[in-house]
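Dropping work_21.cif in here (mmCIF, C-alpha atoms):
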data_my_file
#
loop_
_atom_site.label_atom_id
_atom_site.label_comp_id
_atom_site.auth_asym_id
_atom_site.auth_seq_id
_atom_site.Cartn_x
_atom_site.Cartn_y
_atom_site.Cartn_z
CA MET A 1 -64.19 -0.16 -5.74
CA ILE A 2 -61.34 2.27 -6.39
CA ASN A 3 -61.81 5.82 -5.15
CA GLN A 4 -59.49 7.92 -7.27
CA ASP A 5 -59.51 10.82 -4.79
CA ASP A 6 -58.08 8.66 -1.99
CA PHE A 7 -54.76 8.37 -3.84
CA HIS A 8 -51.97 10.60 -5.04
CA TYR A 9 -48.29 10.42 -5.92
CA MET A 10 -45.67 11.24 -3.30
CA TRP A 11 -41.93 11.86 -3.12
CA ARG A 12 -40.11 12.17 0.20
CA GLY A 13 -43.29 12.70 2.15
CA LYS A 14 -44.69 15.41 -0.11
CA PRO A 15 -47.51 15.12 -2.66
CA THR A 16 -46.29 15.53 -6.21
CA ARG A 17 -49.45 15.14 -8.29
CA PRO A 18 -52.99 13.74 -8.14
CA LEU A 19 -53.82 10.36 -9.60
CA PRO A 20 -55.27 10.92 -13.09
CA ALA A 21 -58.06 8.70 -14.35
CA ALA A 22 -55.80 7.46 -17.15
CA GLU A 23 -53.46 5.87 -14.55
CA LEU A 24 -56.07 4.11 -12.42
CA ASN A 25 -55.04 0.84 -14.06
CA LEU A 26 -51.72 1.03 -12.19
CA LEU A 27 -53.58 0.09 -9.01
CA GLU A 28 -54.88 -3.13 -10.51
CA PRO A 29 -53.31 -6.54 -9.84
CA VAL A 30 -50.80 -7.78 -12.40
CA HIS A 31 -51.31 -11.20 -13.99
CA ILE A 32 -49.00 -11.94 -16.90
CA TYR A 33 -48.91 -15.53 -18.14
CA GLY A 34 -46.96 -17.23 -20.89
CA LYS A 35 -47.53 -20.62 -22.48
CA GLN A 36 -44.96 -22.54 -20.43
CA HIS A 37 -45.23 -23.66 -16.80
CA GLY A 38 -41.61 -23.50 -15.71
CA ARG A 39 -40.82 -20.41 -13.63
CA ALA A 40 -43.18 -18.02 -11.88
CA LEU A 41 -42.51 -14.84 -9.94
CA LEU A 42 -44.78 -13.48 -7.21
CA LEU A 43 -44.30 -9.81 -6.28
CA LEU A 44 -45.69 -8.36 -3.03
CA HIS A 45 -45.91 -4.61 -2.48
CA GLY A 46 -45.62 -2.63 0.74
CA PHE A 47 -47.94 -0.97 3.23
CA SER A 48 -50.31 1.68 1.79
CA SER A 49 -48.82 1.00 -1.65
CA SER A 50 -50.07 -1.04 -4.63
CA PRO A 51 -48.92 -3.04 -7.66
CA ALA A 52 -47.90 0.36 -9.09
CA MET A 53 -44.76 0.04 -6.97
CA TYR A 54 -43.45 -2.47 -9.54
CA ARG A 55 -44.48 -0.55 -12.65
CA ALA A 56 -40.87 0.12 -13.67
CA MET A 57 -39.55 -3.33 -12.77
CA ILE A 58 -42.05 -5.76 -14.26
CA PRO A 59 -41.57 -4.80 -17.95
CA ALA A 60 -37.82 -5.47 -17.64
CA LEU A 61 -38.05 -8.94 -16.07
CA GLU A 62 -37.07 -11.89 -18.25
CA ASN A 63 -37.09 -15.68 -18.07
CA TYR A 64 -40.38 -15.99 -16.19
CA ASP A 65 -43.44 -17.79 -17.51
CA ALA A 66 -45.71 -15.94 -15.08
CA LEU A 67 -45.50 -12.58 -13.31
CA VAL A 68 -48.11 -12.04 -10.62
CA CYS A 69 -48.48 -9.01 -8.37
CA PRO A 70 -51.69 -8.99 -6.31
CA ALA A 71 -53.12 -5.95 -4.61
CA LEU A 72 -53.08 -6.75 -0.90
CA PRO A 73 -56.50 -6.50 0.80
CA GLY A 74 -57.47 -2.93 1.65
CA HIS A 75 -54.85 -1.56 -0.71
CA ALA A 76 -55.58 -0.14 -4.15
CA GLU A 77 -59.27 0.32 -3.28
CA ASN A 78 -60.43 3.14 -1.04
CA LEU A 79 -59.77 4.55 2.40
CA ALA A 80 -62.79 2.79 3.91
CA ALA A 81 -61.48 -0.61 2.76
CA PHE A 82 -58.01 0.23 4.04
CA THR A 83 -59.46 1.21 7.41
CA SER A 84 -61.33 -2.06 7.91
CA VAL A 85 -58.64 -4.53 6.76
CA ASN A 86 -56.90 -6.96 9.13
CA ALA A 87 -53.29 -8.13 8.95
CA ASP A 88 -54.46 -11.75 8.72
CA GLU A 89 -56.06 -10.86 5.40
CA TRP A 90 -52.67 -9.78 4.03
CA VAL A 91 -51.15 -13.08 5.09
CA THR A 92 -54.01 -15.08 3.61
CA ALA A 93 -53.86 -13.18 0.31
CA ALA A 94 -50.13 -13.83 -0.01
CA GLU A 95 -50.60 -17.51 0.76
CA THR A 96 -53.46 -17.84 -1.73
CA ALA A 97 -51.45 -16.26 -4.54
CA CYS A 98 -48.40 -18.37 -3.73
CA GLU A 99 -50.33 -21.65 -3.53
CA ALA A 100 -51.94 -21.01 -6.91
CA LEU A 101 -48.54 -20.55 -8.55
CA ILE A 102 -46.96 -23.55 -6.82
CA LYS A 103 -49.73 -25.78 -8.18
CA GLN A 104 -49.10 -24.64 -11.76
CA TYR A 105 -45.36 -23.95 -12.06
CA GLU A 106 -42.20 -25.97 -11.51
CA THR A 107 -40.49 -23.22 -9.50
CA VAL A 108 -41.78 -20.10 -7.79
CA ASP A 109 -39.65 -17.11 -6.79
CA VAL A 110 -40.97 -14.38 -4.51
CA VAL A 111 -40.12 -10.66 -4.33
CA GLY A 112 -41.33 -8.70 -1.32
CA LEU A 113 -40.93 -5.03 -0.47
CA SER A 114 -41.28 -3.79 3.13
CA LEU A 115 -44.56 -5.32 4.38
CA GLY A 116 -44.35 -7.50 1.28
CA GLY A 117 -40.91 -8.64 2.45
CA LEU A 118 -42.39 -9.70 5.76
CA LEU A 119 -45.05 -11.68 3.90
CA ALA A 120 -42.49 -13.15 1.48
CA TYR A 121 -40.41 -14.41 4.40
CA HIS A 122 -43.51 -16.06 5.83
CA LEU A 123 -44.17 -17.79 2.51
CA ALA A 124 -40.61 -19.12 2.37
CA ASN A 125 -41.19 -20.71 5.78
CA LYS A 126 -44.37 -22.42 4.63
CA TYR A 127 -43.86 -23.29 0.96
CA PRO A 128 -41.04 -24.63 -1.26
CA ILE A 129 -39.95 -21.26 -2.60
CA HIS A 130 -37.14 -21.49 -5.14
CA HIS A 131 -35.58 -18.05 -4.56
CA LEU A 132 -36.46 -15.23 -2.19
CA TYR A 133 -35.82 -11.55 -2.94
CA LEU A 134 -36.25 -9.31 0.11
CA LEU A 135 -36.44 -5.59 -0.65
CA ALA A 136 -36.09 -3.43 2.49
CA PRO A 137 -38.13 -5.99 4.46
CA ALA A 138 -40.00 -4.56 7.44
CA PHE A 139 -38.51 -6.84 10.10
CA LYS A 140 -37.53 -3.84 12.22
CA LEU A 141 -38.37 -0.16 11.80
CA THR A 142 -36.21 2.85 12.61
CA PHE A 143 -38.23 3.81 15.71
CA ASN A 144 -39.38 2.16 18.92
CA LEU A 145 -42.20 -0.02 17.67
CA LYS A 146 -43.68 -0.93 21.05
CA GLY A 147 -43.85 2.72 22.06
CA ALA A 148 -45.32 3.71 18.71
CA THR A 149 -47.96 1.00 19.00
CA MET A 150 -48.97 2.18 22.47
CA LEU A 151 -49.21 5.76 21.20
CA ALA A 152 -51.26 4.72 18.18
CA ARG A 153 -53.69 2.81 20.40
CA LEU A 154 -54.01 5.82 22.70
CA LEU A 155 -54.65 8.22 19.83
CA HIS A 156 -57.18 5.87 18.30
CA ALA A 157 -58.98 5.54 21.63
CA CYS A 158 -59.09 9.35 21.83
CA GLY A 159 -60.85 9.53 18.48
CA LEU A 160 -58.02 10.07 15.98
CA LYS A 161 -58.94 7.95 12.96
CA HIS A 162 -56.48 9.02 10.25
CA ILE A 163 -53.11 10.68 9.85
CA THR A 164 -51.47 12.21 6.78
CA ASN A 165 -49.39 9.73 4.80
CA ARG A 166 -45.66 10.54 4.56
CA ALA A 167 -44.76 7.97 1.93
CA GLY A 168 -42.48 8.32 -1.08
CA ASN A 169 -39.21 7.54 0.69
CA LEU A 170 -37.10 7.75 -2.47
CA TYR A 171 -33.55 8.96 -2.98
CA THR A 172 -33.74 9.76 -6.69
CA LYS A 173 -36.35 11.75 -8.62
CA THR A 174 -36.98 9.44 -11.57
CA HIS A 175 -40.23 8.10 -10.10
CA ASP A 176 -42.70 8.89 -7.35
CA GLU A 177 -44.86 6.55 -5.29
CA LEU A 178 -48.57 6.06 -5.86
CA THR A 179 -50.16 5.70 -2.43
CA TYR A 180 -53.02 6.61 -0.13
CA ARG A 181 -53.34 10.26 0.92
CA LYS A 182 -54.16 9.24 4.51
CA LEU A 183 -53.35 6.31 6.77
CA PRO A 184 -55.94 4.83 9.14
CA VAL A 185 -54.58 4.66 12.69
CA ARG A 186 -56.36 1.35 13.15
CA THR A 187 -54.54 -0.15 10.15
CA ILE A 188 -51.20 1.22 11.34
CA ILE A 189 -51.77 -0.74 14.55
CA GLU A 190 -52.42 -3.86 12.46
CA LEU A 191 -49.08 -3.35 10.69
CA PHE A 192 -47.14 -2.70 13.89
CA THR A 193 -48.63 -5.77 15.53
CA LEU A 194 -47.76 -7.98 12.56
CA ILE A 195 -44.15 -6.78 12.60
CA GLN A 196 -43.82 -7.47 16.32
CA GLN A 197 -45.14 -11.00 15.83
CA HIS A 198 -42.40 -11.81 13.30
CA GLU A 199 -39.83 -14.43 14.24
CA PHE A 200 -36.66 -15.24 12.32
CA THR A 201 -36.30 -18.89 11.33
CA ASP A 202 -33.95 -20.87 9.11
CA ILE A 203 -34.89 -20.70 5.44
CA ALA A 204 -33.30 -23.17 3.05
CA CYS A 205 -33.80 -21.32 -0.23
CA PRO A 206 -31.34 -18.76 -1.63
CA ILE A 207 -32.01 -15.18 -0.52
CA ASP A 208 -31.01 -11.90 -2.11
CA LEU A 209 -31.43 -9.07 0.39
CA PHE A 210 -31.56 -5.51 -0.96
CA LEU A 211 -31.19 -2.57 1.43
CA GLY A 212 -31.28 1.12 0.55
CA ARG A 213 -28.41 3.12 1.96
CA HIS A 214 -30.74 6.10 2.56
CA ASP A 215 -33.75 4.20 3.94
CA ASP A 216 -35.59 6.13 6.67
CA VAL A 217 -38.24 3.45 7.22
CA VAL A 218 -36.56 0.16 8.15
CA ASP A 219 -33.50 -0.42 10.34
CA SER A 220 -31.23 -1.60 7.53
CA PRO A 221 -28.06 -2.17 9.64
CA TYR A 222 -30.00 -4.38 12.05
CA ILE A 223 -31.49 -6.42 9.19
CA ALA A 224 -28.12 -6.76 7.43
CA LYS A 225 -26.46 -7.94 10.64
CA HIS A 226 -29.07 -10.61 11.16
CA PHE A 227 -28.50 -12.09 7.70
CA GLU A 228 -24.71 -11.81 7.62
CA SER A 229 -24.28 -15.29 9.11
CA ASN A 230 -26.74 -16.89 6.67
CA PRO A 231 -24.73 -18.72 3.97
CA ASN A 232 -27.76 -18.72 1.67
CA CYS A 233 -28.11 -14.94 1.71
CA THR A 234 -26.39 -12.35 -0.48
CA THR A 235 -26.81 -8.79 0.79
CA HIS A 236 -26.82 -5.88 -1.67
CA TRP A 237 -26.38 -2.34 -0.32
CA LEU A 238 -27.98 0.08 -2.78
CA GLU A 239 -26.11 3.37 -2.70
CA ASN A 240 -28.66 5.38 -4.68
CA SER A 241 -31.85 4.18 -3.01
CA ALA A 242 -33.98 4.82 0.05
CA HIS A 243 -37.01 2.63 0.87
CA ALA A 244 -39.22 2.38 -2.24
CA LEU A 245 -36.53 0.33 -3.97
CA PRO A 246 -38.40 -0.73 -7.16
CA LEU A 247 -38.77 2.95 -8.08
CA ASP A 248 -35.39 4.23 -6.96
CA GLY A 249 -31.89 4.72 -8.33
CA ASP A 250 -30.60 1.14 -8.21
CA LEU A 251 -33.49 -0.51 -10.01
CA ASP A 252 -31.21 -1.85 -12.75
CA GLU A 253 -29.07 -3.69 -10.20
CA MET A 254 -32.12 -5.53 -8.87
CA ILE A 255 -33.41 -6.32 -12.34
CA THR A 256 -30.03 -7.74 -13.35
CA CYS A 257 -30.02 -9.93 -10.27
CA LEU A 258 -33.45 -11.35 -11.00
CA ASN A 259 -32.69 -11.87 -14.67
CA THR A 260 -29.42 -13.75 -14.10
CA GLN A 261 -30.52 -16.25 -11.46
#
Any chance you could give the structure as C-alpha cells?
Amino acid sequence: MINQDDFHYMWRGKPTRPLPAAELNLLEPVHIYGKQHGRALLLLHGFSSSPAMYRAMIPALENYDALVCPALPGHAENLAAFTSVNADEWVTAAETACEALIKQYETVDVVGLSLGGLLAYHLANKYPIHHLYLLAPAFKLTFNLKGATMLARLLHACGLKHITNRAGNLYTKTHDELTYRKLPVRTIIELFTLIQQHEFTDIACPIDLFLGRHDDVVDSPYIAKHFESNPNCTTHWLENSAHALPLDGDLDEMITCLNTQ
C-alpha cells in the first residue's frame, strides 16, 4: 500500500514539494499494450525511485507495441516495505517482467537507469535482449564502496535505521525526482552489496550507453572506459544532464535514439 507521506519531490538533494494525492498514480507500474506483438520495451528505474522517473520519456516513445515499467519491490510503496526488501527481489522482479515480454513479443529492448541499469545488464546476460540502453548504470559509484558498506553496517549495528535521502541529482530545472524522503540503512547495504557482486561479461546485443557529464552518483569516466573497447556499444555523453537522465536536459537525445533504432 502506498503511503503518500513517505514520498516527496527532490532536486539536487533538496525537497521541492510534497507528493499531492492527484499524482499518486505516477508511482504505479506502467503497462501499455498495443494490438501487435512485434517490439516491446522494458524500462527499469533506479534505487529509491519509481516508474515516475520515466514520466517524461514514455509518452514520446514510438514504434513499440508494448511499454512496461514495473515498480521494483519495496519501491513506490512505503518506507516499511522499502526497509524489508532484499536485492534478490529486485533481480527476480526484473527477470519476471522480462520473461513475460519475451514470451509474447518478437523482440524485447531494455532501458535501465542506475540500479535499473545494473539489472538490465543482468537481463542481457541471461535473455536474448534485442537492444540494451544503459542510463548512468550503477556499475561503480563515485566513492569507496567497500568503505561505505562497512560504515553502513557499523551504523546499522549501532541502531541507525534511516538517513535523509539526497536524491534529485539533476542538472536542469525542468523536472524534479519523485522519491522516498528517507533511505533505510539496511536497504542501502543491499544496494551496495549488489553492486559489488556485479561482474562484466561479454554481451552480444547492441548497447547504447548514456552518461551525464554532471553525474555525482556513478563514476562515469570509469564506466565509459570499460565500454570503449566494446564494438557493440555506442557511448553518448550528455552535456546537460547529471544522474536522473530521463528527467534531465538531454531527454530528447535519448528519445531520438530509441525512436530511430
Could you expand the PyMOL selection byres ((chain A and resi 56-73) around 9) into the explicit residues it covers here, written as a PDB file with C-alpha atoms, keeping the file's coordinate frame?
ATOM      1  CA  LEU A  27     -53.580   0.090  -9.010  1.00  0.00           C
ATOM      2  CA  GLU A  28     -54.880  -3.130 -10.510  1.00  0.00           C
ATOM      3  CA  PRO A  29     -53.310  -6.540  -9.840  1.00  0.00           C
ATOM      4  CA  VAL A  30     -50.800  -7.780 -12.400  1.00  0.00           C
ATOM      5  CA  HIS A  31     -51.310 -11.200 -13.990  1.00  0.00           C
ATOM      6  CA  ILE A  32     -49.000 -11.940 -16.900  1.00  0.00           C
ATOM      7  CA  TYR A  33     -48.910 -15.530 -18.140  1.00  0.00           C
ATOM      8  CA  GLY A  34     -46.960 -17.230 -20.890  1.00  0.00           C
ATOM      9  CA  LYS A  35     -47.530 -20.620 -22.480  1.00  0.00           C
ATOM     10  CA  GLN A  36     -44.960 -22.540 -20.430  1.00  0.00           C
ATOM     11  CA  HIS A  37     -45.230 -23.660 -16.800  1.00  0.00           C
ATOM     12  CA  GLY A  38     -41.610 -23.500 -15.710  1.00  0.00           C
ATOM     13  CA  ARG A  39     -40.820 -20.410 -13.630  1.00  0.00           C
ATOM     14  CA  ALA A  40     -43.180 -18.020 -11.880  1.00  0.00           C
ATOM     15  CA  LEU A  41     -42.510 -14.840  -9.940  1.00  0.00           C
ATOM     16  CA  LEU A  42     -44.780 -13.480  -7.210  1.00  0.00           C
ATOM     17  CA  LEU A  43     -44.300  -9.810  -6.280  1.00  0.00           C
ATOM     18  CA  LEU A  44     -45.690  -8.360  -3.030  1.00  0.00           C
ATOM     19  CA  HIS A  45     -45.910  -4.610  -2.480  1.00  0.00           C
ATOM     20  CA  GLY A  46     -45.620  -2.630   0.740  1.00  0.00           C
ATOM     21  CA  PHE A  47     -47.940  -0.970   3.230  1.00  0.00           C
ATOM     22  CA  SER A  49     -48.820   1.000  -1.650  1.00  0.00           C
ATOM     23  CA  SER A  50     -50.070  -1.040  -4.630  1.00  0.00           C
ATOM     24  CA  PRO A  51     -48.920  -3.040  -7.660  1.00  0.00           C
ATOM     25  CA  ALA A  52     -47.900   0.360  -9.090  1.00  0.00           C
ATOM     26  CA  MET A  53     -44.760   0.040  -6.970  1.00  0.00           C
ATOM     27  CA  TYR A  54     -43.450  -2.470  -9.540  1.00  0.00           C
ATOM     28  CA  ARG A  55     -44.480  -0.550 -12.650  1.00  0.00           C
ATOM     29  CA  GLY A  74     -57.470  -2.930   1.650  1.00  0.00           C
ATOM     30  CA  HIS A  75     -54.850  -1.560  -0.710  1.00  0.00           C
ATOM     31  CA  ALA A  76     -55.580  -0.140  -4.150  1.00  0.00           C
ATOM     32  CA  GLU A  77     -59.270   0.320  -3.280  1.00  0.00           C
ATOM     33  CA  ALA A  81     -61.480  -0.610   2.760  1.00  0.00           C
ATOM     34  CA  PHE A  82     -58.010   0.230   4.040  1.00  0.00           C
ATOM     35  CA  VAL A  85     -58.640  -4.530   6.760  1.00  0.00           C
ATOM     36  CA  ASN A  86     -56.900  -6.960   9.130  1.00  0.00           C
ATOM     37  CA  ALA A  87     -53.290  -8.130   8.950  1.00  0.00           C
ATOM     38  CA  GLU A  89     -56.060 -10.860   5.400  1.00  0.00           C
ATOM     39  CA  TRP A  90     -52.670  -9.780   4.030  1.00  0.00           C
ATOM     40  CA  VAL A  91     -51.150 -13.080   5.090  1.00  0.00           C
ATOM     41  CA  ALA A  93     -53.860 -13.180   0.310  1.00  0.00           C
ATOM     42  CA  ALA A  94     -50.130 -13.830  -0.010  1.00  0.00           C
ATOM     43  CA  ALA A  97     -51.450 -16.260  -4.540  1.00  0.00           C
ATOM     44  CA  LEU A 101     -48.540 -20.550  -8.550  1.00  0.00           C
ATOM     45  CA  TYR A 105     -45.360 -23.950 -12.060  1.00  0.00           C
ATOM     46  CA  HIS A 175     -40.230   8.100 -10.100  1.00  0.00           C
ATOM     47  CA  PRO A 246     -38.400  -0.730  -7.160  1.00  0.00           C
ATOM     48  CA  LEU A 247     -38.770   2.950  -8.080  1.00  0.00           C
ATOM     49  CA  LEU A 251     -33.490  -0.510 -10.010  1.00  0.00           C
ATOM     50  CA  ASP A 252     -31.210  -1.850 -12.750  1.00  0.00           C
ATOM     51  CA  MET A 254     -32.120  -5.530  -8.870  1.00  0.00           C
ATOM     52  CA  ILE A 255     -33.410  -6.320 -12.340  1.00  0.00           C
ATOM     53  CA  THR A 256     -30.030  -7.740 -13.350  1.00  0.00           C
ATOM     54  CA  LEU A 258     -33.450 -11.350 -11.000  1.00  0.00           C
ATOM     55  CA  ASN A 259     -32.690 -11.870 -14.670  1.00  0.00           C
ATOM     56  CA  THR A 260     -29.420 -13.750 -14.100  1.00  0.00           C
TER      57      THR A 260
END
Output check: residues returned by the PyMOL selection byres ((chain A and resi 122) around 10), as a list of chain:residue names = A:Val91, A:Ala94, A:Glu95, A:Gly116, A:Gly117, A:Leu118, A:Leu119, A:Ala120, A:Tyr121, A:Leu123, A:Ala124, A:Asn125, A:Lys126, A:Tyr127, A:His198, A:Glu199, A:Phe200, A:Thr201, A:Ile203
To test the calculation: enclose all listed atoms of stretch 93-104 of chain A in a box whose edges run along x, y and z, add 4 Å on each side, then state centre and edge lengths in Å to one decimal, as AutoDock Vina command-line options.
--center_x -50.4 --center_y -19.5 --center_z -5.5 --size_x 14.9 --size_y 20.6 --size_z 20.5
Evaluate the PyMOL selection byres ((chain A and resi 228-236) around 9) on the structure here and hand back the selected residues as an MDAnalysis selection string.
-> chainID A and resid 202:212 223:227 237:238 254
If you measure from atom CA of A:Leu135 to atom CA of A:Leu113, what distance in Å do you get, rounded to one decimal?
->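 Between these atoms lies a distance of 4.5 Å.
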Close residues, A:Arg213 itself excluded, 10 Å, all atoms listed in the file, min 5 positions apart in chain, as an NGL selection string | :A and (171 or 220-221 or 236-243)
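You will find atom CA of A:Ile189 at 7.1 Å from atom CA of A:Arg153.
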Kindly indicate which residue among A:Val217, A:Leu170, A:Leu79, A:Met10 lies nearest to A:Leu141, using only C-alpha atoms for the distances.
->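 Smallest distance to A:Leu141 is found for A:Val217.
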What separation in Å, quoted to one decimal, exists between atom CA of A:Trp11 and atom CA of A:Leu245?
->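 Answer for the atom CA of A:Trp11 to atom CA of A:Leu245 separation: 12.8 Å.
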Please output stretch 209-219 of chain A, rebuilt to include all heavy atoms, as a PDB file, in the coordinates of the input.
ATOM      1  N   LEU A 209     -30.923 -10.134  -0.480  1.00  0.00           N
ATOM      2  CA  LEU A 209     -31.430  -9.070   0.390  1.00  0.00           C
ATOM      3  C   LEU A 209     -30.957  -7.728  -0.143  1.00  0.00           C
ATOM      4  O   LEU A 209     -29.748  -7.501  -0.283  1.00  0.00           O
ATOM      5  CB  LEU A 209     -30.929  -9.292   1.810  1.00  0.00           C
ATOM      6  CG  LEU A 209     -31.186  -8.186   2.830  1.00  0.00           C
ATOM      7  CD1 LEU A 209     -32.682  -8.019   3.089  1.00  0.00           C
ATOM      8  CD2 LEU A 209     -30.439  -8.478   4.129  1.00  0.00           C
ATOM      9  N   PHE A 210     -31.888  -6.836  -0.439  1.00  0.00           N
ATOM     10  CA  PHE A 210     -31.560  -5.510  -0.960  1.00  0.00           C
ATOM     11  C   PHE A 210     -31.940  -4.458   0.078  1.00  0.00           C
ATOM     12  O   PHE A 210     -33.081  -4.407   0.544  1.00  0.00           O
ATOM     13  CB  PHE A 210     -32.319  -5.245  -2.260  1.00  0.00           C
ATOM     14  CG  PHE A 210     -31.889  -6.123  -3.403  1.00  0.00           C
ATOM     15  CD1 PHE A 210     -32.522  -7.340  -3.629  1.00  0.00           C
ATOM     16  CD2 PHE A 210     -30.854  -5.740  -4.241  1.00  0.00           C
ATOM     17  CE1 PHE A 210     -32.128  -8.154  -4.672  1.00  0.00           C
ATOM     18  CE2 PHE A 210     -30.448  -6.547  -5.294  1.00  0.00           C
ATOM     19  CZ  PHE A 210     -31.090  -7.764  -5.507  1.00  0.00           C
ATOM     20  N   LEU A 211     -30.980  -3.608   0.429  1.00  0.00           N
ATOM     21  CA  LEU A 211     -31.190  -2.570   1.430  1.00  0.00           C
ATOM     22  C   LEU A 211     -30.753  -1.218   0.879  1.00  0.00           C
ATOM     23  O   LEU A 211     -29.656  -1.088   0.316  1.00  0.00           O
ATOM     24  CB  LEU A 211     -30.390  -2.886   2.696  1.00  0.00           C
ATOM     25  CG  LEU A 211     -30.751  -4.200   3.404  1.00  0.00           C
ATOM     26  CD1 LEU A 211     -29.719  -4.519   4.477  1.00  0.00           C
ATOM     27  CD2 LEU A 211     -32.153  -4.130   3.989  1.00  0.00           C
ATOM     28  N   GLY A 212     -31.613  -0.224   1.018  1.00  0.00           N
ATOM     29  CA  GLY A 212     -31.280   1.120   0.550  1.00  0.00           C
ATOM     30  C   GLY A 212     -30.404   1.844   1.553  1.00  0.00           C
ATOM     31  O   GLY A 212     -30.717   1.884   2.751  1.00  0.00           O
ATOM     32  N   ARG A 213     -29.343   2.417   1.086  1.00  0.00           N
ATOM     33  CA  ARG A 213     -28.410   3.120   1.960  1.00  0.00           C
ATOM     34  C   ARG A 213     -29.066   4.327   2.645  1.00  0.00           C
ATOM     35  O   ARG A 213     -28.648   4.730   3.730  1.00  0.00           O
ATOM     36  CB  ARG A 213     -27.188   3.575   1.152  1.00  0.00           C
ATOM     37  CG  ARG A 213     -26.064   4.159   1.988  1.00  0.00           C
ATOM     38  CD  ARG A 213     -25.417   3.105   2.876  1.00  0.00           C
ATOM     39  NE  ARG A 213     -24.564   2.188   2.107  1.00  0.00           N
ATOM     40  CZ  ARG A 213     -23.862   1.196   2.646  1.00  0.00           C
ATOM     41  NH1 ARG A 213     -23.935   0.972   3.960  1.00  0.00           N
ATOM     42  NH2 ARG A 213     -23.125   0.404   1.890  1.00  0.00           N
ATOM     43  N   HIS A 214     -30.107   4.886   2.037  1.00  0.00           N
ATOM     44  CA  HIS A 214     -30.740   6.100   2.560  1.00  0.00           C
ATOM     45  C   HIS A 214     -32.153   5.835   3.085  1.00  0.00           C
ATOM     46  O   HIS A 214     -32.970   6.752   3.162  1.00  0.00           O
ATOM     47  CB  HIS A 214     -30.775   7.173   1.464  1.00  0.00           C
ATOM     48  CG  HIS A 214     -29.444   7.398   0.818  1.00  0.00           C
ATOM     49  ND1 HIS A 214     -28.473   8.201   1.377  1.00  0.00           N
ATOM     50  CD2 HIS A 214     -28.912   6.905  -0.341  1.00  0.00           C
ATOM     51  CE1 HIS A 214     -27.402   8.205   0.591  1.00  0.00           C
ATOM     52  NE2 HIS A 214     -27.641   7.429  -0.451  1.00  0.00           N
ATOM     53  N   ASP A 215     -32.421   4.599   3.476  1.00  0.00           N
ATOM     54  CA  ASP A 215     -33.750   4.200   3.940  1.00  0.00           C
ATOM     55  C   ASP A 215     -34.043   4.813   5.312  1.00  0.00           C
ATOM     56  O   ASP A 215     -33.300   4.621   6.265  1.00  0.00           O
ATOM     57  CB  ASP A 215     -33.815   2.675   4.031  1.00  0.00           C
ATOM     58  CG  ASP A 215     -35.226   2.143   4.128  1.00  0.00           C
ATOM     59  OD1 ASP A 215     -36.090   2.847   4.675  1.00  0.00           O
ATOM     60  OD2 ASP A 215     -35.465   1.014   3.647  1.00  0.00           O
ATOM     61  N   ASP A 216     -35.159   5.550   5.402  1.00  0.00           N
ATOM     62  CA  ASP A 216     -35.590   6.130   6.670  1.00  0.00           C
ATOM     63  C   ASP A 216     -36.706   5.332   7.337  1.00  0.00           C
ATOM     64  O   ASP A 216     -37.219   5.740   8.383  1.00  0.00           O
ATOM     65  CB  ASP A 216     -36.095   7.573   6.449  1.00  0.00           C
ATOM     66  CG  ASP A 216     -34.988   8.525   6.042  1.00  0.00           C
ATOM     67  OD1 ASP A 216     -33.823   8.265   6.397  1.00  0.00           O
ATOM     68  OD2 ASP A 216     -35.293   9.511   5.341  1.00  0.00           O
ATOM     69  N   VAL A 217     -37.091   4.213   6.735  1.00  0.00           N
ATOM     70  CA  VAL A 217     -38.240   3.450   7.220  1.00  0.00           C
ATOM     71  C   VAL A 217     -37.813   2.223   8.021  1.00  0.00           C
ATOM     72  O   VAL A 217     -38.244   2.028   9.156  1.00  0.00           O
ATOM     73  CB  VAL A 217     -39.146   3.033   6.049  1.00  0.00           C
ATOM     74  CG1 VAL A 217     -40.318   2.188   6.548  1.00  0.00           C
ATOM     75  CG2 VAL A 217     -39.651   4.264   5.305  1.00  0.00           C
ATOM     76  N   VAL A 218     -36.976   1.377   7.456  1.00  0.00           N
ATOM     77  CA  VAL A 218     -36.560   0.160   8.150  1.00  0.00           C
ATOM     78  C   VAL A 218     -35.132   0.317   8.674  1.00  0.00           C
ATOM     79  O   VAL A 218     -34.333   1.108   8.154  1.00  0.00           O
ATOM     80  CB  VAL A 218     -36.642  -1.090   7.236  1.00  0.00           C
ATOM     81  CG1 VAL A 218     -38.050  -1.281   6.717  1.00  0.00           C
ATOM     82  CG2 VAL A 218     -35.649  -1.007   6.091  1.00  0.00           C
ATOM     83  N   ASP A 219     -34.828  -0.440   9.708  1.00  0.00           N
ATOM     84  CA  ASP A 219     -33.500  -0.420  10.340  1.00  0.00           C
ATOM     85  C   ASP A 219     -32.574  -1.335   9.534  1.00  0.00           C
ATOM     86  O   ASP A 219     -32.365  -2.502   9.875  1.00  0.00           O
ATOM     87  CB  ASP A 219     -33.612  -0.891  11.784  1.00  0.00           C
ATOM     88  CG  ASP A 219     -32.318  -0.719  12.573  1.00  0.00           C
ATOM     89  OD1 ASP A 219     -31.252  -0.577  11.933  1.00  0.00           O
ATOM     90  OD2 ASP A 219     -32.378  -0.728  13.814  1.00  0.00           O
TER      91      ASP A 219
END
